[in-house]
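Okay, coords19.txt is below, compact mmCIF, C-alpha atoms:
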# COMPACT_ATOMS: atom_id res chain seq x y z
CA MET A 40 212.96 66.26 131.32
CA LEU A 41 214.58 64.10 128.65
CA SER A 42 217.64 61.95 129.27
CA ASN A 43 220.32 61.63 126.57
CA THR A 44 219.17 58.07 125.89
CA GLU A 45 215.62 59.29 125.37
CA LYS A 46 216.79 62.08 123.04
CA GLU A 47 218.63 59.53 120.88
CA LEU A 48 215.63 57.22 120.86
CA ILE A 49 213.38 60.09 119.77
CA VAL A 50 215.67 61.02 116.87
CA GLN A 51 215.93 57.36 115.79
CA ILE A 52 212.18 56.90 115.74
CA TRP A 53 211.35 60.13 113.90
CA ASP A 54 214.11 59.56 111.34
CA LYS A 55 212.39 56.25 110.50
CA MET A 56 209.10 58.10 110.04
CA ILE A 57 210.43 60.61 107.49
CA PRO A 58 210.16 58.28 104.46
CA VAL A 59 206.57 57.43 105.44
CA ALA A 60 205.65 60.90 106.67
CA GLU A 61 202.49 61.10 104.54
CA ASP A 62 201.19 57.74 105.75
CA ILE A 63 201.93 58.32 109.43
CA GLY A 64 200.78 61.94 109.46
CA SER A 65 197.55 61.40 107.55
CA GLU A 66 196.70 58.34 109.67
CA ALA A 67 197.23 60.24 112.94
CA LEU A 68 195.00 63.05 111.70
CA LEU A 69 192.32 60.63 110.47
CA ARG A 70 192.33 58.85 113.85
CA MET A 71 191.93 62.19 115.60
CA PHE A 72 189.04 63.30 113.35
CA THR A 73 187.27 59.96 113.80
CA THR A 74 187.72 59.59 117.57
CA PHE A 75 187.36 63.28 118.43
CA PRO A 76 185.00 64.78 115.83
CA LYS A 77 185.21 68.28 117.35
CA THR A 78 188.76 68.54 116.01
CA LYS A 79 187.35 68.67 112.49
CA THR A 80 186.08 72.18 113.19
CA TYR A 81 189.57 73.52 112.50
CA PHE A 82 189.70 71.99 109.03
CA SER A 83 186.54 73.18 107.34
CA HIS A 84 188.72 74.73 104.62
CA LEU A 85 190.28 71.40 103.63
CA ASP A 86 189.10 68.06 102.26
CA ILE A 87 189.97 65.75 105.15
CA SER A 88 188.28 62.61 103.87
CA PRO A 89 190.42 59.45 104.14
CA ARG A 90 193.28 59.32 101.62
CA SER A 91 192.56 62.83 100.35
CA GLU A 92 195.42 64.88 98.97
CA HIS A 93 194.91 67.59 101.63
CA LEU A 94 195.02 65.05 104.43
CA ARG A 95 198.22 63.43 103.16
CA CYS A 96 199.87 66.78 102.52
CA HIS A 97 198.95 68.14 105.94
CA GLY A 98 199.96 64.93 107.68
CA LYS A 99 203.34 65.05 105.97
CA LYS A 100 203.96 68.62 107.18
CA ILE A 101 203.25 67.62 110.77
CA VAL A 102 205.58 64.61 110.73
CA GLN A 103 208.35 66.64 109.07
CA ALA A 104 208.05 69.35 111.73
CA LEU A 105 208.20 66.69 114.46
CA ALA A 106 211.28 65.09 112.86
CA GLU A 107 213.01 68.44 112.61
CA GLY A 108 212.20 69.30 116.20
CA ALA A 109 213.59 65.90 117.25
CA ARG A 110 216.96 66.77 115.73
CA ASN A 111 216.99 70.09 117.61
CA ILE A 112 215.40 69.19 120.92
CA SER A 113 217.58 71.49 123.00
CA THR A 114 216.58 74.50 120.88
CA LEU A 115 212.89 73.73 120.38
CA THR A 116 211.74 77.26 121.22
CA THR A 117 213.97 78.77 118.52
CA THR A 118 213.37 76.05 115.93
CA LEU A 119 209.60 76.20 116.35
CA ALA A 120 209.28 79.99 116.68
CA PRO A 121 207.52 80.50 113.32
CA LEU A 122 205.16 77.56 113.92
CA SER A 123 204.54 78.82 117.43
CA ARG A 124 203.52 82.27 116.14
CA PHE A 125 201.34 80.64 113.51
CA HIS A 126 199.46 78.52 116.04
CA ALA A 127 199.00 81.44 118.42
CA TYR A 128 197.99 84.26 116.14
CA GLN A 129 196.45 82.57 113.15
CA LEU A 130 195.26 79.09 113.96
CA ARG A 131 194.22 79.82 117.58
CA ILE A 132 193.50 76.19 118.35
CA HIS A 133 192.02 75.45 121.77
CA PRO A 134 195.05 74.08 123.68
CA THR A 135 193.34 70.85 124.79
CA ASN A 136 193.42 69.69 121.18
CA PHE A 137 197.19 69.23 121.17
CA LYS A 138 196.79 66.32 123.59
CA LEU A 139 194.24 64.69 121.30
CA LEU A 140 196.55 64.75 118.29
CA ASN A 141 199.50 63.64 120.44
CA HIS A 142 197.51 60.62 121.62
CA CYS A 143 196.57 59.70 118.04
CA ILE A 144 200.21 60.05 116.97
CA LEU A 145 201.15 57.58 119.72
CA VAL A 146 198.43 55.15 118.60
CA THR A 147 199.63 55.42 114.98
CA LEU A 148 203.23 54.74 116.05
CA ALA A 149 202.05 51.74 118.10
CA CYS A 150 200.16 50.26 115.12
CA TYR A 151 203.13 50.84 112.89
CA MET A 152 205.91 49.71 115.22
CA GLY A 153 204.11 46.94 117.16
CA GLU A 154 206.29 45.43 119.89
CA ASN A 155 209.12 47.87 118.99
CA PHE A 156 207.01 50.65 120.47
CA THR A 157 208.25 49.69 123.91
CA PRO A 158 207.08 51.39 127.12
CA VAL A 159 210.41 53.27 127.24
CA ALA A 160 210.00 54.48 123.64
CA HIS A 161 206.36 55.40 124.40
CA ALA A 162 207.42 57.45 127.43
CA ALA A 163 210.16 59.25 125.49
CA ILE A 164 207.88 60.13 122.57
CA ASP A 165 205.03 61.19 124.86
CA LYS A 166 207.39 63.53 126.71
CA TYR A 167 208.70 64.91 123.44
CA LEU A 168 205.20 65.52 122.06
CA SER A 169 204.23 67.30 125.29
CA ALA A 170 207.29 69.53 125.07
CA PHE A 171 206.61 70.22 121.39
CA SER A 172 202.96 71.13 122.09
CA ALA A 173 203.98 73.37 124.98
CA VAL A 174 206.25 75.36 122.65
CA LEU A 175 203.48 75.59 120.03
CA ALA A 176 201.08 76.91 122.68
CA GLU A 177 203.66 79.24 124.31
CA LYS A 178 202.50 82.45 122.69
CA PHE A 179 198.78 81.82 123.18
CA ARG A 180 198.58 84.39 125.96
CA MET B 248 171.94 56.79 128.52
CA VAL B 249 174.71 55.64 126.20
CA VAL B 250 173.57 54.58 122.78
CA TRP B 251 175.67 51.95 121.02
CA THR B 252 175.35 51.25 117.32
CA ASP B 253 175.49 47.62 116.21
CA GLN B 254 178.80 48.40 114.54
CA GLU B 255 180.29 49.79 117.77
CA ARG B 256 179.14 46.74 119.73
CA ALA B 257 180.69 44.47 117.11
CA TYR B 258 184.02 46.32 117.15
CA ILE B 259 184.22 46.21 120.94
CA GLN B 260 183.24 42.53 121.21
CA ASP B 261 185.79 41.75 118.53
CA ILE B 262 188.59 43.47 120.43
CA PHE B 263 187.76 41.58 123.62
CA SER B 264 187.52 38.26 121.78
CA LYS B 265 191.09 38.74 120.54
CA LEU B 266 192.44 40.13 123.81
CA ASN B 267 194.75 37.98 125.91
CA TYR B 268 193.93 39.34 129.38
CA GLU B 269 197.09 37.82 130.89
CA ASP B 270 199.20 39.69 128.36
CA ALA B 271 197.41 42.97 127.70
CA GLY B 272 196.47 43.69 131.32
CA PRO B 273 200.03 43.59 132.68
CA LYS B 274 201.35 45.49 129.66
CA ALA B 275 198.80 48.29 130.07
CA LEU B 276 199.47 48.76 133.78
CA GLN B 277 203.26 48.57 133.28
CA ARG B 278 203.04 51.21 130.59
CA THR B 279 200.96 53.49 132.81
CA LEU B 280 203.49 53.25 135.65
CA ILE B 281 206.42 53.85 133.26
CA VAL B 282 204.97 56.60 131.05
CA TYR B 283 203.16 58.42 133.90
CA PRO B 284 205.35 57.77 136.93
CA TRP B 285 203.13 59.72 139.35
CA THR B 286 200.62 56.87 139.12
CA GLN B 287 203.10 54.78 141.11
CA ARG B 288 201.84 56.57 144.21
CA TYR B 289 198.93 54.13 144.40
CA PHE B 290 201.13 51.06 144.36
CA THR B 291 203.61 51.59 147.16
CA SER B 292 202.86 48.12 148.50
CA PHE B 293 203.94 46.50 145.22
CA GLY B 294 207.66 46.59 145.99
CA ASN B 295 210.31 47.62 143.46
CA LEU B 296 209.00 50.10 140.87
CA TYR B 297 212.31 51.92 140.61
CA ASN B 298 212.78 51.72 136.85
CA ALA B 299 211.18 50.34 133.70
CA GLU B 300 212.90 46.94 134.04
CA ALA B 301 211.75 46.57 137.64
CA ILE B 302 208.17 47.51 136.74
CA MET B 303 208.08 45.08 133.83
CA SER B 304 209.30 42.18 135.95
CA ASN B 305 207.15 43.00 138.99
CA SER B 306 204.71 40.11 139.55
CA LYS B 307 202.27 42.21 141.63
CA VAL B 308 201.97 44.73 138.80
CA ALA B 309 201.33 41.92 136.34
CA ALA B 310 198.70 40.31 138.58
CA HIS B 311 196.93 43.58 139.09
CA GLY B 312 196.92 44.29 135.37
CA VAL B 313 194.94 41.08 134.89
CA VAL B 314 192.48 42.15 137.62
CA VAL B 315 191.90 45.45 135.78
CA LEU B 316 191.14 43.67 132.51
CA HIS B 317 188.67 41.33 134.17
CA GLY B 318 187.00 44.46 135.52
CA LEU B 319 186.72 45.82 131.97
CA ASP B 320 185.30 42.48 130.88
CA ARG B 321 182.36 43.09 133.21
CA ALA B 322 181.71 46.43 131.56
CA MET B 323 181.81 44.80 128.14
CA LYS B 324 179.27 42.18 129.27
CA ASN B 325 176.96 44.93 130.60
CA MET B 326 177.43 47.60 127.98
CA ASP B 327 173.92 48.96 128.39
CA ASP B 328 174.35 49.79 132.05
CA ILE B 329 178.02 50.28 132.82
CA LYS B 330 177.12 52.99 135.34
CA LYS B 331 175.24 50.52 137.54
CA THR B 332 177.76 47.70 136.99
CA TYR B 333 180.57 49.95 138.23
CA ALA B 334 178.80 51.67 141.14
CA GLU B 335 180.65 49.70 143.81
CA LEU B 336 183.99 49.90 141.99
CA SER B 337 183.56 53.66 141.83
CA VAL B 338 182.98 53.89 145.58
CA LEU B 339 186.02 51.66 146.13
CA HIS B 340 188.31 53.86 144.00
CA SER B 341 187.11 57.05 145.64
CA GLU B 342 186.48 56.18 149.27
CA LYS B 343 189.04 53.48 149.90
CA LEU B 344 191.78 53.81 147.29
CA HIS B 345 191.57 57.62 146.94
CA VAL B 346 192.62 57.58 143.30
CA ASP B 347 192.61 60.90 141.44
CA PRO B 348 190.14 60.11 138.64
CA ASP B 349 192.25 61.96 136.06
CA ASN B 350 194.53 58.91 136.23
CA PHE B 351 191.81 56.57 134.91
CA ARG B 352 192.13 58.18 131.51
CA LEU B 353 195.89 57.55 131.51
CA LEU B 354 195.43 53.81 132.06
CA ALA B 355 192.73 53.81 129.39
CA ASP B 356 195.11 55.52 126.92
CA CYS B 357 197.90 53.05 127.69
CA LEU B 358 195.54 50.09 127.17
CA THR B 359 194.51 51.59 123.83
CA ILE B 360 198.16 51.77 122.81
CA VAL B 361 198.83 48.17 123.89
CA ILE B 362 195.86 47.03 121.80
CA ALA B 363 197.04 49.15 118.85
CA ALA B 364 200.51 47.57 119.04
CA THR B 365 198.96 44.07 119.09
CA MET B 366 196.33 44.59 116.40
CA GLY B 367 198.41 46.76 114.05
CA THR B 368 196.56 47.93 110.96
CA SER B 369 193.35 46.13 111.92
CA PHE B 370 192.98 48.72 114.70
CA THR B 371 191.49 51.17 112.21
CA ALA B 372 190.34 54.72 112.96
CA GLU B 373 186.70 53.53 113.23
CA VAL B 374 187.63 50.70 115.59
CA GLN B 375 189.70 53.11 117.68
CA ALA B 376 186.78 55.57 117.90
CA ALA B 377 184.38 52.85 119.12
CA TRP B 378 186.95 51.52 121.60
CA GLN B 379 187.69 54.97 123.00
CA LYS B 380 183.96 55.67 123.35
CA PHE B 381 183.68 52.47 125.40
CA LEU B 382 186.64 53.46 127.60
CA ALA B 383 185.21 56.98 128.05
CA VAL B 384 181.96 55.46 129.35
CA VAL B 385 183.93 53.16 131.68
CA VAL B 386 185.99 56.08 133.03
CA SER B 387 182.87 58.19 133.49
CA ALA B 388 181.18 55.37 135.44
CA LEU B 389 184.25 55.02 137.66
CA CYS B 390 184.16 58.76 138.35
CA ARG B 391 180.47 58.87 139.27
CA GLN B 392 180.70 58.13 142.99
CA TYR B 393 183.33 60.77 143.74
CA HIS B 394 181.92 63.46 146.04

What would you get if you wrote out this structure as structure tokens?
Amino acid sequence: MLSNTEKELIVQIWDKMIPVAEDIGSEALLRMFTTFPKTKTYFSHLDISPRSEHLRCHGKKIVQALAEGARNISTLTTTLAPLSRFHAYQLRIHPTNFKLLNHCILVTLACYMGENFTPVAHAAIDKYLSAFSAVLAEKFR
Amino acid sequence: MVVWTDQERAYIQDIFSKLNYEDAGPKALQRTLIVYPWTQRYFTSFGNLYNAEAIMSNSKVAAHGVVVLHGLDRAMKNMDDIKKTYAELSVLHSEKLHVDPDNFRLLADCLTIVIAATMGTSFTAEVQAAWQKFLAVVVSALCRQYH
């Protein structure tokens, strides 16, 4: 349940991330692969070494999707429908992995924003990421 | 038996050497209570936890945050047998405090984020991995005496 203040905060934060989407996205992924090595099993088709082109490109896609979702929070199910189908029918990621990436996104934001990543901002983003993941996992079964 | 590489030990010692317990402890507990409000159920005797501002200015929350960090300090000083070091604490959390152990991970995650915000880019992916391994061992030790 997101308040209007939280929705505004979420849009503000993700808008700031768009210009550095590659950096933020690739760092979150790298943190996830390093802390939770089992997540690498979904990326055997890509070169996910630090600073690789694939990693930066993939990281950018994720941040852009998150920024777009942030601008359309009340219609997440519609906005994310194609991505939702993709995750369900093609990627078939074990659902527990969404939490692992979400956590690493939060850590990346904390490193990047420092004190500006306040507890209130942290709560808002965590709730948003949970809602986003739930929509992505909606069609799993 | 947990095996620590020299590199992991170094990363973890380094984090603790830079940690201000009086700052990070309160921040981590405040964050847990704000981001995961159901955890407030264990702190009904702490007074006003009604909103983020109240939590962040609550002196009992702050004091308890420091207690938690000193507890982690003991684990860091006994990294080769955290299980044994935490045996009594585990019994305390299960038998007396009745804390759902799933909540330990939430506090651990919030502490990680507080440290990330303080250390910035020096909290690299490798450092994070070592730190989270340490916290996973701590959480596991705390969960051991639940029956």

Length of the CA of Phe82 in chain A to CA of Val102 in chain A vector [Å]:
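Atom-to-atom, CA of Phe82 in chain A and CA of Val102 in chain A are spaced 17.6 Å apart.
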
d(CA of Val346 in chain B, CA of Phe156 in chain A) in Å:
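Distance between the two atoms: 27.9 Å.
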
Identify the residues around (192.0, 58.8, 134.1) within a radius of 12 Å, measuring from all atoms listed in the file in the coordinates stated by the file, and give them as a PDB file with C-alpha atoms, in the frame of the given file.
ATOM      1  CA  THR B 279     200.960  53.490 132.810  1.00  0.00           C
ATOM      2  CA  TYR B 283     203.160  58.420 133.900  1.00  0.00           C
ATOM      3  CA  THR B 286     200.620  56.870 139.120  1.00  0.00           C
ATOM      4  CA  HIS B 340     188.310  53.860 144.000  1.00  0.00           C
ATOM      5  CA  VAL B 346     192.620  57.580 143.300  1.00  0.00           C
ATOM      6  CA  ASP B 347     192.610  60.900 141.440  1.00  0.00           C
ATOM      7  CA  PRO B 348     190.140  60.110 138.640  1.00  0.00           C
ATOM      8  CA  ASP B 349     192.250  61.960 136.060  1.00  0.00           C
ATOM      9  CA  ASN B 350     194.530  58.910 136.230  1.00  0.00           C
ATOM     10  CA  PHE B 351     191.810  56.570 134.910  1.00  0.00           C
ATOM     11  CA  ARG B 352     192.130  58.180 131.510  1.00  0.00           C
ATOM     12  CA  LEU B 353     195.890  57.550 131.510  1.00  0.00           C
ATOM     13  CA  LEU B 354     195.430  53.810 132.060  1.00  0.00           C
ATOM     14  CA  ALA B 355     192.730  53.810 129.390  1.00  0.00           C
ATOM     15  CA  ASP B 356     195.110  55.520 126.920  1.00  0.00           C
ATOM     16  CA  CYS B 357     197.900  53.050 127.690  1.00  0.00           C
ATOM     17  CA  LEU B 358     195.540  50.090 127.170  1.00  0.00           C
ATOM     18  CA  LEU B 382     186.640  53.460 127.600  1.00  0.00           C
ATOM     19  CA  ALA B 383     185.210  56.980 128.050  1.00  0.00           C
ATOM     20  CA  VAL B 384     181.960  55.460 129.350  1.00  0.00           C
ATOM     21  CA  VAL B 385     183.930  53.160 131.680  1.00  0.00           C
ATOM     22  CA  VAL B 386     185.990  56.080 133.030  1.00  0.00           C
ATOM     23  CA  SER B 387     182.870  58.190 133.490  1.00  0.00           C
ATOM     24  CA  ALA B 388     181.180  55.370 135.440  1.00  0.00           C
ATOM     25  CA  LEU B 389     184.250  55.020 137.660  1.00  0.00           C
ATOM     26  CA  CYS B 390     184.160  58.760 138.350  1.00  0.00           C
TER      27      CYS B 390
END

With only C-alpha atoms considered, list every residue of chain B at most 9 Å from chain A, as a PyMOL selection string.
chain B and resi 274+277-279+281-283+299+356+359-373+375-377+379-380

Which one of A:Ser65, A:Thr114, A:Thr80, A:Gln51 sits closest to Arg131 in chain A if you count all atoms listed in the file?
A:Thr80

Can you tell me which residues surround range 315-319 of chain B at a distance of at most 9 Å, considering only C-alpha atoms, apart from same-chain residues fewer than 4 positions away, and format the answer as a ChimeraX atom specification?
/B:268-269,271-273,276,310-311,323-324,333,336,382,385

So how far away is CA of Asn141 in chain A from CA of Ile329 in chain B, in Å?
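Between these atoms lies a distance of 28.2 Å.
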
Using only C-alpha atoms, can you tell me which of A:Phe179, A:Phe171, A:Tyr128, A:Trp53 comes closest to Arg110 in chain A?
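Of the candidates, the smallest distance to Arg110 in chain A is held by A:Trp53.
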
Near His133 in chain A, counting only C-alpha atoms, which residues have an atom at most 10 Å away, once you skip same-chain residues fewer than 4 positions from it, shown as a list in words?
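So, after excluding close chain neighbours, the residues are Thr78, Tyr81, His126, Ala127, Phe137, Ala176 and Phe179 of chain A.
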
Residues around (178.5, 49.8, 114.2), cut-off 12 Å, counting all atoms listed in the file - what are they as a list in words?
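Residues with an atom close enough to that point: Val250, Trp251, Thr252, Asp253, Gln254, Glu255, Arg256, Ala257, Tyr258, Ile259, Gln260, Asp261, Glu373, Val374, Ala376, Ala377 and Trp378 of chain B.
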
When distances are computed from all atoms listed in the file, which of A:Thr116, A:Arg95, A:Ala109, A:Ser172 shows the smallest separation from Lys138 in chain A?
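For Lys138 in chain A, the nearest of the given residues is A:Ser172.
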
Fix up range 91-125 of chain A with N, CA and C atoms, then write it as an mmCIF file, in the frame of the given file.
data_model
loop_
_atom_site.group_PDB
_atom_site.id
_atom_site.type_symbol
_atom_site.label_atom_id
_atom_site.label_comp_id
_atom_site.auth_asym_id
_atom_site.auth_seq_id
_atom_site.Cartn_x
_atom_site.Cartn_y
_atom_site.Cartn_z
ATOM 1 N N SER A 91 192.612 61.648 101.204
ATOM 2 C CA SER A 91 192.560 62.830 100.350
ATOM 3 C C SER A 91 193.953 63.462 100.257
ATOM 4 N N GLU A 92 194.147 64.220 99.191
ATOM 5 C CA GLU A 92 195.420 64.880 98.970
ATOM 6 C C GLU A 92 195.735 65.853 100.107
ATOM 7 N N HIS A 93 194.717 66.621 100.548
ATOM 8 C CA HIS A 93 194.910 67.590 101.630
ATOM 9 C C HIS A 93 195.356 66.901 102.903
ATOM 10 N N LEU A 94 194.714 65.763 103.193
ATOM 11 C CA LEU A 94 195.020 65.050 104.430
ATOM 12 C C LEU A 94 196.456 64.543 104.410
ATOM 13 N N ARG A 95 196.861 63.996 103.281
ATOM 14 C CA ARG A 95 198.220 63.430 103.160
ATOM 15 C C ARG A 95 199.254 64.547 103.218
ATOM 16 N N CYS A 96 198.948 65.642 102.563
ATOM 17 C CA CYS A 96 199.870 66.780 102.520
ATOM 18 C C CYS A 96 200.027 67.369 103.930
ATOM 19 N N HIS A 97 198.906 67.541 104.612
ATOM 20 C CA HIS A 97 198.950 68.140 105.940
ATOM 21 C C HIS A 97 199.636 67.211 106.931
ATOM 22 N N GLY A 98 199.336 65.930 106.810
ATOM 23 C CA GLY A 98 199.960 64.930 107.680
ATOM 24 C C GLY A 98 201.469 64.922 107.515
ATOM 25 N N LYS A 99 201.893 65.062 106.271
ATOM 26 C CA LYS A 99 203.340 65.050 105.970
ATOM 27 C C LYS A 99 204.013 66.238 106.655
ATOM 28 N N LYS A 100 203.385 67.421 106.576
ATOM 29 C CA LYS A 100 203.960 68.620 107.180
ATOM 30 C C LYS A 100 204.185 68.421 108.673
ATOM 31 N N ILE A 101 203.176 67.815 109.327
ATOM 32 C CA ILE A 101 203.250 67.620 110.770
ATOM 33 C C ILE A 101 204.411 66.696 111.127
ATOM 34 N N VAL A 102 204.512 65.566 110.431
ATOM 35 C CA VAL A 102 205.580 64.610 110.730
ATOM 36 C C VAL A 102 206.954 65.225 110.456
ATOM 37 N N GLN A 103 207.061 65.994 109.391
ATOM 38 C CA GLN A 103 208.350 66.640 109.070
ATOM 39 C C GLN A 103 208.731 67.638 110.149
ATOM 40 N N ALA A 104 207.758 68.388 110.658
ATOM 41 C CA ALA A 104 208.050 69.350 111.730
ATOM 42 C C ALA A 104 208.502 68.607 112.983
ATOM 43 N N LEU A 105 207.838 67.486 113.281
ATOM 44 C CA LEU A 105 208.200 66.690 114.460
ATOM 45 C C LEU A 105 209.602 66.109 114.299
ATOM 46 N N ALA A 106 209.947 65.672 113.095
ATOM 47 C CA ALA A 106 211.280 65.090 112.860
ATOM 48 C C ALA A 106 212.343 66.174 112.997
ATOM 49 N N GLU A 107 212.041 67.365 112.507
ATOM 50 C CA GLU A 107 213.010 68.440 112.610
ATOM 51 C C GLU A 107 213.212 68.869 114.052
ATOM 52 N N GLY A 108 212.113 68.964 114.778
ATOM 53 C CA GLY A 108 212.200 69.300 116.200
ATOM 54 C C GLY A 108 213.032 68.271 116.950
ATOM 55 N N ALA A 109 212.871 66.984 116.582
ATOM 56 C CA ALA A 109 213.590 65.900 117.250
ATOM 57 C C ALA A 109 215.103 66.078 117.117
ATOM 58 N N ARG A 110 215.515 66.576 115.957
ATOM 59 C CA ARG A 110 216.960 66.770 115.730
ATOM 60 C C ARG A 110 217.477 68.019 116.435
ATOM 61 N N ASN A 111 216.583 68.841 116.947
ATOM 62 C CA ASN A 111 216.990 70.090 117.610
ATOM 63 C C ASN A 111 216.270 70.255 118.929
ATOM 64 N N ILE A 112 216.221 69.166 119.705
ATOM 65 C CA ILE A 112 215.400 69.190 120.920
ATOM 66 C C ILE A 112 215.838 70.254 121.912
ATOM 67 N N SER A 113 217.147 70.515 122.000
ATOM 68 C CA SER A 113 217.580 71.490 123.000
ATOM 69 C C SER A 113 217.279 72.930 122.583
ATOM 70 N N THR A 114 216.899 73.134 121.315
ATOM 71 C CA THR A 114 216.580 74.500 120.880
ATOM 72 C C THR A 114 215.178 74.550 120.289
ATOM 73 N N LEU A 115 214.258 73.812 120.912
ATOM 74 C CA LEU A 115 212.890 73.730 120.380
ATOM 75 C C LEU A 115 212.234 75.091 120.239
ATOM 76 N N THR A 116 212.407 75.953 121.256
ATOM 77 C CA THR A 116 211.740 77.260 121.220
ATOM 78 C C THR A 116 212.168 78.065 119.994
ATOM 79 N N THR A 117 213.464 78.018 119.690
ATOM 80 C CA THR A 117 213.970 78.770 118.520
ATOM 81 C C THR A 117 213.525 78.112 117.225
ATOM 82 N N THR A 118 213.714 76.793 117.156
ATOM 83 C CA THR A 118 213.370 76.050 115.930
ATOM 84 C C THR A 118 211.900 76.216 115.574
ATOM 85 N N LEU A 119 211.042 76.192 116.611
ATOM 86 C CA LEU A 119 209.600 76.200 116.350
ATOM 87 C C LEU A 119 208.986 77.603 116.388
ATOM 88 N N ALA A 120 209.823 78.628 116.525
ATOM 89 C CA ALA A 120 209.280 79.990 116.680
ATOM 90 C C ALA A 120 208.243 80.367 115.616
ATOM 91 N N PRO A 121 208.532 80.130 114.327
ATOM 92 C CA PRO A 121 207.520 80.500 113.320
ATOM 93 C C PRO A 121 206.219 79.712 113.483
ATOM 94 N N LEU A 122 206.355 78.403 113.750
ATOM 95 C CA LEU A 122 205.160 77.560 113.920
ATOM 96 C C LEU A 122 204.389 77.983 115.167
ATOM 97 N N SER A 123 205.143 78.392 116.178
ATOM 98 C CA SER A 123 204.540 78.820 117.430
ATOM 99 C C SER A 123 203.696 80.079 117.207
ATOM 100 N N ARG A 124 204.274 81.026 116.453
ATOM 101 C CA ARG A 124 203.520 82.270 116.140
ATOM 102 C C ARG A 124 202.273 81.938 115.334
ATOM 103 N N PHE A 125 202.442 81.034 114.377
ATOM 104 C CA PHE A 125 201.340 80.640 113.510
ATOM 105 C C PHE A 125 200.177 80.064 114.307
#
